[in-house]
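Step one of this worksheet: look at the structure below.
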2 protein chains.
Amino acid sequence: MSILAVGTVAFDDIETPFGRAEMVIGGAGTYVAWAASFLHPSINLVSIVGGDFPKEELALMNERGIDTSGIEIVEDKKSFFWAGRYHDNMNSRDTITTDLNVLADFDPVLPESYKDDPILMLGNLTPEIQIKVMDQMTKRPKLIVLDTMNFWMDIAMDSLKEAISRVDILTINDEEARQLSGEYSLVNAAAVINKMGPKYLIIKKGEHGALLFGEGKLFAAPALPLAQVKDPTGAGDSFAGGLCGYLASCNEINFEAVKTGIIYGSAMASFCVEEFSLGKIKTLDKDIIQERLNRFKSITEFSL
Amino acid sequence: MSILAVGTVAFDDIETPFGRAEMVIGGAGTYVAWAASFLHPSINLVSIVGGDFPKEELALMNERGIDTSGIEIVEDKKSFFWAGRYHDNMNSRDTITTDLNVLADFDPVLPESYKDDPILMLGNLTPEIQIKVMDQMTKRPKLIVLDTMNFWMDIAMDSLKEAISRVDILTINDEEARQLSGEYSLVNAAAVINKMGPKYLIIKKGEHGALLFGEGKLFAAPALPLAQVKDPTGAGDSFAGGLCGYLASCNEINFEAVKTGIIYGSAMASFCVEEFSLGKIKTLDKDIIQERLNRFKSITEFSL
């Protein structure tokens with residue numbers, strides 16, 4: 001049983017206060033799949049790339065149990081490209097360039113064998129595409145996780161709300177939770193958003209951790225303070241990959257399971273930001289991940 | 001054995017996105033003492049007020065075990081007054097007015113009976129005054145906690161560093177930790193600051209919680225997400241009061257104790273912000289506090 005991940009596979013130019021990286025591998029789908037691959041043996045990735053995307057990168061994914069037959073390759077076009085510059089606080093960034101390229105034509109057709117995957121992770125894409133993917137599933141997945149961003153709230157709120165109404169977990173940041181709900185307090189925002197459909201709302205706060213709201217309960221996860229954050233790109237997608245990778249191993253997906261999934265996600269995000277692109281994530285193994293999970297445990301425990 | 005708290009006792013005008021309050025009771029010393037009073041039976045408060053400060057407020061403090069004989073009353077002058085306006089995010093604010101009034105003449109002389117108090121909490125004041133207080137102690141307190149702000153880093157860094165070199169716990173916010181250390185990463189900033197003297201550095205992040213660095217270890221405490229934050233004024237001081245109030249009950253002040261102290265501090269801060277001024281804090285009792293402490297436990301626990 002596989003995790004089905006849908007999201008961009010792309011090139012990034014990234015500038016942070018700590019360095020630059022040009023034409024490095026990026027994309028939400030890439031980060032989700034790589035992060036999940038350390039926790040689950042089988043990932044199906046649906047995306048689109050141009051002829052310029054390195055075949056070696058696809059081969060590396062295949063070695064990690066990521067099936068890339070759902071990635072459409074348009075040989076005579078270019079892959080999606082994003083260039084961004086991070087501010088000093090690393091929690092905010094400016095987009096310098098967005099070249100949609102092949103992404104403008106992305107109209108995912110799921111391979112038959114993907115259509116009953118039990119876990120569906122919808123990376124940040126137009127809500128219309130996220131809906132089209134859900135419509136193609138022959139069996140309602142056990143878990144649907146959707147990630148989105150303020151951009152779609154600005155230009156496509158209605159279809160975004162339709163997409164959100166059909167998922168189990170929504171992952172957005174604090175400002176997006178405020179925009180989506182019209183409520184300033186995150187507690188009130190979560191109450192509104194949980195009513196829109198998602199049983200669980202995960203509010204990602206970057207270096208300040210994440211909050212989970214659902215079943216009338218609350219969980220607060222820290223981010224791991226790090227000596228060096230080189231590049232936040234893909235942190236939210238690595239988080240989603242870790243979350244789905246863990247939840248794929250759970251018989252029952254309940255509040256307790258989602259909490260643990262958030263710690264797995266936070267661990268994967270903490271690795272992601274330590275190097276540009278997938279530099280750190282590609283070097284991981286189960287021991288390194290377990291050590292970091294234990295670190296999250298140790299920095300949050302206290303007695304009363 | 002008492003907690004000795006030194007800090008302003010004052011009037012505030014406060015404007016937040018959720019309302020206004022005029023000429024309400026404020027001041028770091030006030031919040032520290034009130035918050036600590038629910039955790040420790042005996043607090044000695046050193047401050048200065050004008051003839052305009054309500055005697056009933058001092059009487060209320062006395063009822064709570066706060067000795068106010070160390071508060072100098074200058075009958076023909078006015079109390080310290082601060083007016084501020086909070087931004088939408090409530091984590092930042094503009095100062096509208098600062099009328100030092102009696103505070104310009106503040107030169108604290110400790111009552112003899114205060115000079116061997118085992119816990120000394122130095123609220124945000126000029127570093128020179130914080131040093132003068134430490135110099136008057138006949139016995140080095142078991143614990144000295146110092147709170148300060150960027151203002152003193154801008155205009156009195158040398159004396160601030162001298163003050164900091166003599167304390168056990170320093171409480172500042174994330175931007176101040178960066179300014180004081182010259183390091184952007186909080187992990188690196190903490191390493192620099194711990195070398196300046198304080199065994200423990202607590203970085204207060206407002207609605208994002210607090211971090212503790214010391215003994216080469218790390219602890220991350222969440223803030224409690226609240227449906228309504230009315231007024232963040234005094235949250236940091238209530239935090240310090242809760243921290244000192246808890247630590248006063250500990251035989252040994254080690255990393256584990258400071259962690260628990262941070263949760264007590266975070267609980268007191270969470271009450272503080274729910275109403276303007278001391279509106280909520282004045283209504284507390286042990287049961288309400290214990291319930292909130294348990295809430296911090298419940299929102300941070302997870303299993304791997």
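Residues in the structure tokens are named by chain (A, B, ... in the order shown) and by number from 1 within that chain; ligands are numbered from 1 in the order shown.
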Counting only C-alpha atoms, give me one row per residue of chain A with an atom at most 9 Å from an atom of chain B, showing the shortest contact pair and its distance in Å to one decimal, sorted by chain then residue number, as a Markdown table.
```
| residue | atom | partner | partner_atom | distance |
| --- | --- | --- | --- | --- |
| A:Asp88 | CA | B:Tyr184 | CA | 8.6 |
| A:Asn89 | CA | B:Tyr184 | CA | 8.5 |
| A:Tyr184 | CA | B:Asn89 | CA | 8.5 |
| A:Ser185 | CA | B:Ala227 | CA | 5.7 |
| A:Leu186 | CA | B:Pro225 | CA | 7.0 |
| A:Val187 | CA | B:Ala227 | CA | 5.0 |
| A:Asn188 | CA | B:Ala227 | CA | 5.8 |
| A:Ala189 | CA | B:Ala227 | CA | 9.0 |
| A:Lys205 | CA | B:His208 | CA | 8.6 |
| A:His208 | CA | B:His208 | CA | 5.9 |
| A:Gly209 | CA | B:His208 | CA | 8.1 |
| A:Leu211 | CA | B:Pro225 | CA | 8.8 |
| A:Lys217 | CA | B:Ile299 | CA | 8.2 |
| A:Leu218 | CA | B:Ile299 | CA | 5.7 |
| A:Phe219 | CA | B:Ile299 | CA | 4.4 |
| A:Ala220 | CA | B:Thr300 | CA | 5.6 |
| A:Ala221 | CA | B:Thr300 | CA | 6.7 |
| A:Pro222 | CA | B:Ala220 | CA | 6.4 |
| A:Ala223 | CA | B:Ala220 | CA | 8.5 |
| A:Leu224 | CA | B:Ala220 | CA | 8.4 |
| A:Pro225 | CA | B:Val187 | CA | 6.3 |
| A:Leu226 | CA | B:Val187 | CA | 6.0 |
| A:Ala227 | CA | B:Val187 | CA | 5.1 |
| A:Gln228 | CA | B:Ser185 | CA | 6.6 |
| A:Val229 | CA | B:Ser185 | CA | 7.8 |
| A:Glu256 | CA | B:Phe302 | CA | 7.2 |
| A:Ala257 | CA | B:Ser303 | CA | 8.7 |
| A:Lys259 | CA | B:Phe302 | CA | 6.4 |
| A:Thr260 | CA | B:Leu304 | CA | 6.1 |
| A:Gly261 | CA | B:Leu304 | CA | 8.9 |
| A:Ile263 | CA | B:Leu304 | CA | 8.3 |
| A:Tyr264 | CA | B:Leu304 | CA | 8.7 |
| A:Leu293 | CA | B:Leu304 | CA | 7.6 |
| A:Asn294 | CA | B:Leu304 | CA | 8.1 |
| A:Lys297 | CA | B:Phe302 | CA | 8.0 |
| A:Ser298 | CA | B:Phe219 | CA | 7.7 |
| A:Ile299 | CA | B:Phe219 | CA | 4.4 |
| A:Thr300 | CA | B:Ala220 | CA | 5.6 |
| A:Glu301 | CA | B:Glu301 | CA | 7.5 |
| A:Phe302 | CA | B:Thr260 | CA | 6.1 |
| A:Ser303 | CA | B:Thr260 | CA | 6.3 |
| A:Leu304 | CA | B:Thr260 | CA | 6.1 |
```
Within 8 Å of Ser270 (chain A) using only C-alpha atoms, minus same-chain residues under 2 positions, as a list in words
Ala223, Leu224, Leu226, Ala235, Ser266, Ala267, Met268, Cys272, Val273 and Glu274 of chain A
Might you pull out every residue within 10 Å of Asn62 (chain A), with only C-alpha atoms counted and same-chain residues fewer than 6 positions away left off, and present them as a PyMOL selection string?
chain A and resi 42-44+56+68-69
Fit target chain A, mobile chain B, all Cα in order, as a compact mmCIF listing (two decimals) with C-alpha atoms, in the first residue's frame:
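The file below, result.txt, is the result:
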```txt
# COMPACT_ATOMS: atom_id res chain seq x y z
CA MET B 1 -0.01 -0.01 -0.03
CA SER B 2 1.56 3.25 -1.14
CA ILE B 3 1.47 6.88 -0.25
CA LEU B 4 0.28 8.89 -3.24
CA ALA B 5 1.95 12.30 -3.37
CA VAL B 6 1.01 14.97 -5.88
CA GLY B 7 3.13 18.09 -6.21
CA THR B 8 5.72 19.97 -8.18
CA VAL B 9 9.09 18.53 -9.16
CA ALA B 10 11.17 21.49 -10.14
CA PHE B 11 14.28 23.64 -10.14
CA ASP B 12 14.93 26.40 -7.57
CA ASP B 13 17.27 29.35 -7.29
CA ILE B 14 17.58 30.21 -3.64
CA GLU B 15 19.22 33.08 -1.84
CA THR B 16 19.39 33.21 1.95
CA PRO B 17 21.48 35.34 4.32
CA PHE B 18 23.81 32.32 4.47
CA GLY B 19 24.39 31.62 0.80
CA ARG B 20 23.01 30.94 -2.67
CA ALA B 21 22.12 27.87 -4.66
CA GLU B 22 21.27 27.92 -8.36
CA MET B 23 19.19 25.49 -10.38
CA VAL B 24 18.97 23.01 -7.54
CA ILE B 25 16.33 20.30 -7.32
CA GLY B 26 13.17 21.42 -5.58
CA GLY B 27 9.41 21.20 -5.72
CA ALA B 28 6.80 20.23 -3.13
CA GLY B 29 6.35 16.75 -4.58
CA THR B 30 10.09 16.12 -4.45
CA TYR B 31 10.40 17.06 -0.79
CA VAL B 32 7.25 15.19 0.23
CA ALA B 33 8.36 12.02 -1.51
CA TRP B 34 11.94 12.09 -0.30
CA ALA B 35 10.94 12.78 3.31
CA ALA B 36 8.23 10.10 3.30
CA SER B 37 10.59 7.58 1.70
CA PHE B 38 12.58 7.20 4.93
CA LEU B 39 9.44 6.17 6.81
CA HIS B 40 7.47 4.18 4.26
CA PRO B 41 8.77 1.77 1.61
CA SER B 42 6.52 2.76 -1.24
CA ILE B 43 5.62 6.23 -2.54
CA ASN B 44 3.80 7.04 -5.78
CA LEU B 45 4.66 10.49 -7.05
CA VAL B 46 2.46 12.35 -9.55
CA SER B 47 3.95 15.44 -11.18
CA ILE B 48 5.19 16.93 -14.44
CA VAL B 49 8.71 17.91 -15.55
CA GLY B 50 10.41 19.14 -18.70
CA GLY B 51 13.07 17.44 -20.76
CA ASP B 52 15.65 19.36 -18.74
CA PHE B 53 14.96 17.42 -15.53
CA PRO B 54 17.89 15.07 -14.78
CA LYS B 55 17.03 11.42 -15.31
CA GLU B 56 19.54 10.59 -12.56
CA GLU B 57 17.31 12.40 -10.05
CA LEU B 58 14.38 10.22 -11.03
CA ALA B 59 16.61 7.15 -10.75
CA LEU B 60 17.68 8.22 -7.26
CA MET B 61 14.02 8.51 -6.28
CA ASN B 62 13.32 5.04 -7.68
CA GLU B 63 16.13 3.64 -5.54
CA ARG B 64 14.34 5.05 -2.51
CA GLY B 65 11.05 3.33 -3.33
CA ILE B 66 9.53 6.34 -5.05
CA ASP B 67 7.64 5.27 -8.18
CA THR B 68 8.03 8.04 -10.75
CA SER B 69 5.91 6.52 -13.53
CA GLY B 70 3.28 9.08 -12.57
CA ILE B 71 5.63 11.94 -13.45
CA GLU B 72 4.82 13.17 -16.94
CA ILE B 73 7.93 14.18 -18.87
CA VAL B 74 7.40 16.84 -21.57
CA GLU B 75 10.65 16.53 -23.48
CA ASP B 76 10.45 19.78 -25.45
CA LYS B 77 9.58 22.00 -22.51
CA LYS B 78 11.26 23.19 -19.34
CA SER B 79 10.56 22.18 -15.75
CA PHE B 80 8.83 24.50 -13.30
CA PHE B 81 11.31 27.04 -11.93
CA TRP B 82 11.12 29.16 -8.80
CA ALA B 83 13.60 31.75 -7.55
CA GLY B 84 13.28 33.25 -4.10
CA ARG B 85 15.18 35.30 -1.58
CA TYR B 86 14.78 34.80 2.15
CA HIS B 87 14.77 37.66 4.62
CA ASP B 88 17.03 37.72 7.63
CA ASN B 89 14.40 36.10 9.82
CA MET B 90 14.15 33.16 7.38
CA ASN B 91 10.42 32.98 8.13
CA SER B 92 9.53 35.24 5.21
CA ARG B 93 10.73 35.42 1.63
CA ASP B 94 10.28 37.25 -1.65
CA THR B 95 9.57 35.42 -4.87
CA ILE B 96 11.96 36.69 -7.54
CA THR B 97 10.83 34.51 -10.44
CA THR B 98 8.10 31.96 -11.06
CA ASP B 99 8.38 30.27 -14.46
CA LEU B 100 5.47 27.84 -14.67
CA ASN B 101 6.82 26.19 -17.86
CA VAL B 102 5.36 22.63 -17.96
CA LEU B 103 3.30 23.32 -14.86
CA ALA B 104 0.96 25.51 -16.94
CA ASP B 105 -0.19 22.33 -18.69
CA PHE B 106 -0.33 20.09 -15.63
CA ASP B 107 -3.51 18.04 -15.77
CA PRO B 108 -2.65 14.97 -13.75
CA VAL B 109 -3.98 11.61 -14.90
CA LEU B 110 -3.43 9.04 -12.17
CA PRO B 111 -2.03 5.66 -13.19
CA GLU B 112 -4.68 2.97 -12.49
CA SER B 113 -2.51 1.37 -9.83
CA TYR B 114 -2.41 4.63 -7.81
CA LYS B 115 -6.18 5.09 -7.58
CA ASP B 116 -6.74 3.09 -4.42
CA ASP B 117 -3.71 4.29 -2.47
CA PRO B 118 -4.71 4.68 1.19
CA ILE B 119 -2.80 7.91 1.90
CA LEU B 120 -3.10 10.90 -0.43
CA MET B 121 -0.85 13.91 0.07
CA LEU B 122 -1.88 16.89 -2.04
CA GLY B 123 1.04 19.30 -2.21
CA ASN B 124 0.55 22.99 -2.82
CA LEU B 125 -1.04 23.35 -6.31
CA THR B 126 -4.12 25.02 -7.77
CA PRO B 127 -7.17 23.82 -5.82
CA GLU B 128 -8.71 22.71 -9.13
CA ILE B 129 -5.90 20.22 -9.65
CA GLN B 130 -6.14 19.03 -6.06
CA ILE B 131 -9.87 18.40 -6.64
CA LYS B 132 -9.23 16.62 -9.96
CA VAL B 133 -6.87 14.25 -8.21
CA MET B 134 -9.37 13.47 -5.46
CA ASP B 135 -12.03 12.87 -8.14
CA GLN B 136 -9.87 10.21 -9.79
CA MET B 137 -9.51 8.07 -6.68
CA THR B 138 -11.66 4.93 -7.07
CA LYS B 139 -11.62 4.45 -3.31
CA ARG B 140 -11.74 7.26 -0.77
CA PRO B 141 -8.28 7.19 0.81
CA LYS B 142 -8.02 6.46 4.51
CA LEU B 143 -6.27 9.82 4.83
CA ILE B 144 -6.14 12.91 2.63
CA VAL B 145 -3.71 15.67 3.59
CA LEU B 146 -3.79 18.98 1.76
CA ASP B 147 -1.20 21.73 1.79
CA THR B 148 -1.94 25.13 0.30
CA MET B 149 -0.91 28.77 0.54
CA ASN B 150 -2.23 32.35 0.71
CA PHE B 151 -1.88 32.76 -3.09
CA TRP B 152 -4.87 30.44 -3.66
CA MET B 153 -6.83 32.19 -0.93
CA ASP B 154 -6.30 35.43 -2.83
CA ILE B 155 -7.36 34.19 -6.28
CA ALA B 156 -9.33 30.95 -5.89
CA MET B 157 -10.95 30.91 -2.47
CA ASP B 158 -14.12 29.13 -3.61
CA SER B 159 -12.41 26.15 -5.18
CA LEU B 160 -9.91 26.07 -2.34
CA LYS B 161 -12.76 25.80 0.15
CA GLU B 162 -14.27 22.99 -1.92
CA ALA B 163 -10.94 21.15 -1.91
CA ILE B 164 -10.47 21.71 1.81
CA SER B 165 -13.97 20.41 2.55
CA ARG B 166 -12.91 16.99 1.28
CA VAL B 167 -9.70 16.43 3.24
CA ASP B 168 -8.81 15.07 6.67
CA ILE B 169 -5.77 17.20 7.47
CA LEU B 170 -5.07 20.73 6.29
CA THR B 171 -1.57 22.16 6.71
CA ILE B 172 -1.16 25.95 6.46
CA ASN B 173 0.80 28.63 8.29
CA ASP B 174 -0.51 31.01 10.94
CA GLU B 175 -1.15 33.95 8.62
CA GLU B 176 -2.97 31.66 6.19
CA ALA B 177 -5.13 30.26 9.00
CA ARG B 178 -6.09 33.84 9.85
CA GLN B 179 -6.85 34.68 6.22
CA LEU B 180 -8.85 31.51 5.59
CA SER B 181 -10.95 31.87 8.74
CA GLY B 182 -11.19 35.63 9.15
CA GLU B 183 -10.26 35.10 12.81
CA TYR B 184 -7.14 36.54 14.40
CA SER B 185 -6.83 34.16 17.34
CA LEU B 186 -5.52 30.81 16.12
CA VAL B 187 -7.85 29.04 18.55
CA ASN B 188 -10.85 30.73 16.94
CA ALA B 189 -9.40 30.32 13.45
CA ALA B 190 -9.05 26.59 14.05
CA ALA B 191 -12.65 26.30 15.21
CA VAL B 192 -13.80 27.90 11.94
CA ILE B 193 -11.48 25.82 9.76
CA ASN B 194 -12.30 22.52 11.45
CA LYS B 195 -15.95 23.25 10.54
CA MET B 196 -14.95 23.69 6.88
CA GLY B 197 -14.19 19.98 6.71
CA PRO B 198 -10.72 19.00 7.90
CA LYS B 199 -10.88 16.98 11.09
CA TYR B 200 -7.35 18.13 11.85
CA LEU B 201 -5.77 21.51 11.23
CA ILE B 202 -2.00 21.77 11.47
CA ILE B 203 -0.70 25.32 11.71
CA LYS B 204 2.94 25.48 10.67
CA LYS B 205 4.91 28.27 12.35
CA GLY B 206 8.37 27.66 10.88
CA GLU B 207 11.06 28.15 13.52
CA HIS B 208 8.29 28.41 16.14
CA GLY B 209 6.97 24.90 15.61
CA ALA B 210 3.47 23.71 14.80
CA LEU B 211 0.04 23.58 16.38
CA LEU B 212 -2.53 20.83 15.92
CA PHE B 213 -6.23 21.47 16.41
CA GLY B 214 -8.84 18.71 16.12
CA GLU B 215 -11.42 16.68 18.05
CA GLY B 216 -11.65 19.71 20.36
CA LYS B 217 -8.05 19.08 21.42
CA LEU B 218 -4.78 20.93 21.05
CA PHE B 219 -1.14 19.95 20.63
CA ALA B 220 1.88 22.23 20.43
CA ALA B 221 5.09 20.94 18.85
CA PRO B 222 8.32 22.92 18.93
CA ALA B 223 10.68 23.33 16.04
CA LEU B 224 14.16 22.17 16.90
CA PRO B 225 16.41 25.21 17.43
CA LEU B 226 19.37 24.73 15.12
CA ALA B 227 22.82 26.24 15.08
CA GLN B 228 22.61 26.68 11.33
CA VAL B 229 19.57 27.09 9.08
CA LYS B 230 20.82 27.31 5.54
CA ASP B 231 17.66 27.12 3.45
CA PRO B 232 14.05 26.86 4.61
CA THR B 233 12.82 25.87 1.12
CA GLY B 234 10.86 22.63 1.25
CA ALA B 235 10.59 22.57 5.05
CA GLY B 236 6.78 22.52 4.93
CA ASP B 237 6.80 19.80 2.29
CA SER B 238 9.34 17.72 4.19
CA PHE B 239 7.08 18.16 7.20
CA ALA B 240 4.14 16.83 5.19
CA GLY B 241 6.24 13.93 3.93
CA GLY B 242 7.28 12.98 7.44
CA LEU B 243 3.70 13.29 8.67
CA CYS B 244 2.27 11.08 5.90
CA GLY B 245 5.17 8.65 6.10
CA TYR B 246 4.48 8.08 9.78
CA LEU B 247 0.68 7.96 9.45
CA ALA B 248 0.95 5.36 6.68
CA SER B 249 2.20 2.98 9.37
CA CYS B 250 -0.74 3.58 11.73
CA ASN B 251 -3.74 1.27 11.87
CA GLU B 252 -5.92 4.05 13.16
CA ILE B 253 -5.45 7.72 12.36
CA ASN B 254 -6.55 9.58 15.48
CA PHE B 255 -5.41 12.66 17.41
CA GLU B 256 -2.60 10.75 19.14
CA ALA B 257 -1.31 9.42 15.84
CA VAL B 258 -1.40 12.84 14.19
CA LYS B 259 0.55 14.28 17.15
CA THR B 260 3.31 11.74 16.65
CA GLY B 261 3.12 12.35 12.91
CA ILE B 262 3.76 16.03 13.55
CA ILE B 263 6.93 15.19 15.46
CA TYR B 264 8.09 13.00 12.56
CA GLY B 265 7.24 15.86 10.21
CA SER B 266 9.07 18.37 12.39
CA ALA B 267 12.12 16.13 12.46
CA MET B 268 12.17 15.84 8.66
CA ALA B 269 11.72 19.62 8.36
CA SER B 270 14.60 20.18 10.76
CA PHE B 271 16.88 18.12 8.51
CA CYS B 272 15.60 19.85 5.39
CA VAL B 273 16.65 23.34 6.47
CA GLU B 274 20.17 22.35 7.46
CA GLU B 275 21.39 22.30 3.85
CA PHE B 276 20.33 23.79 0.53
CA SER B 277 17.91 21.75 -1.55
CA LEU B 278 17.82 18.04 -0.60
CA GLY B 279 21.45 18.16 0.51
CA LYS B 280 20.80 16.88 4.02
CA ILE B 281 17.69 14.80 3.40
CA LYS B 282 19.48 12.62 0.87
CA THR B 283 22.02 11.62 3.54
CA LEU B 284 19.54 10.40 6.16
CA ASP B 285 19.05 6.94 7.58
CA LYS B 286 16.80 5.41 10.21
CA ASP B 287 19.29 5.87 13.04
CA ILE B 288 19.83 9.57 12.35
CA ILE B 289 16.08 10.08 12.19
CA GLN B 290 15.44 8.16 15.41
CA GLU B 291 18.10 10.20 17.19
CA ARG B 292 16.40 13.41 16.12
CA LEU B 293 12.96 12.15 17.14
CA ASN B 294 14.40 11.42 20.58
CA ARG B 295 15.79 14.96 20.63
CA PHE B 296 12.28 16.36 20.16
CA LYS B 297 11.17 14.21 23.07
CA SER B 298 14.00 15.40 25.29
CA ILE B 299 13.50 19.11 24.62
CA THR B 300 9.77 19.02 25.41
CA GLU B 301 9.60 16.85 28.53
CA PHE B 302 9.10 18.37 31.95
CA SER B 303 7.60 17.37 35.25
CA LEU B 304 5.13 19.35 37.33
```
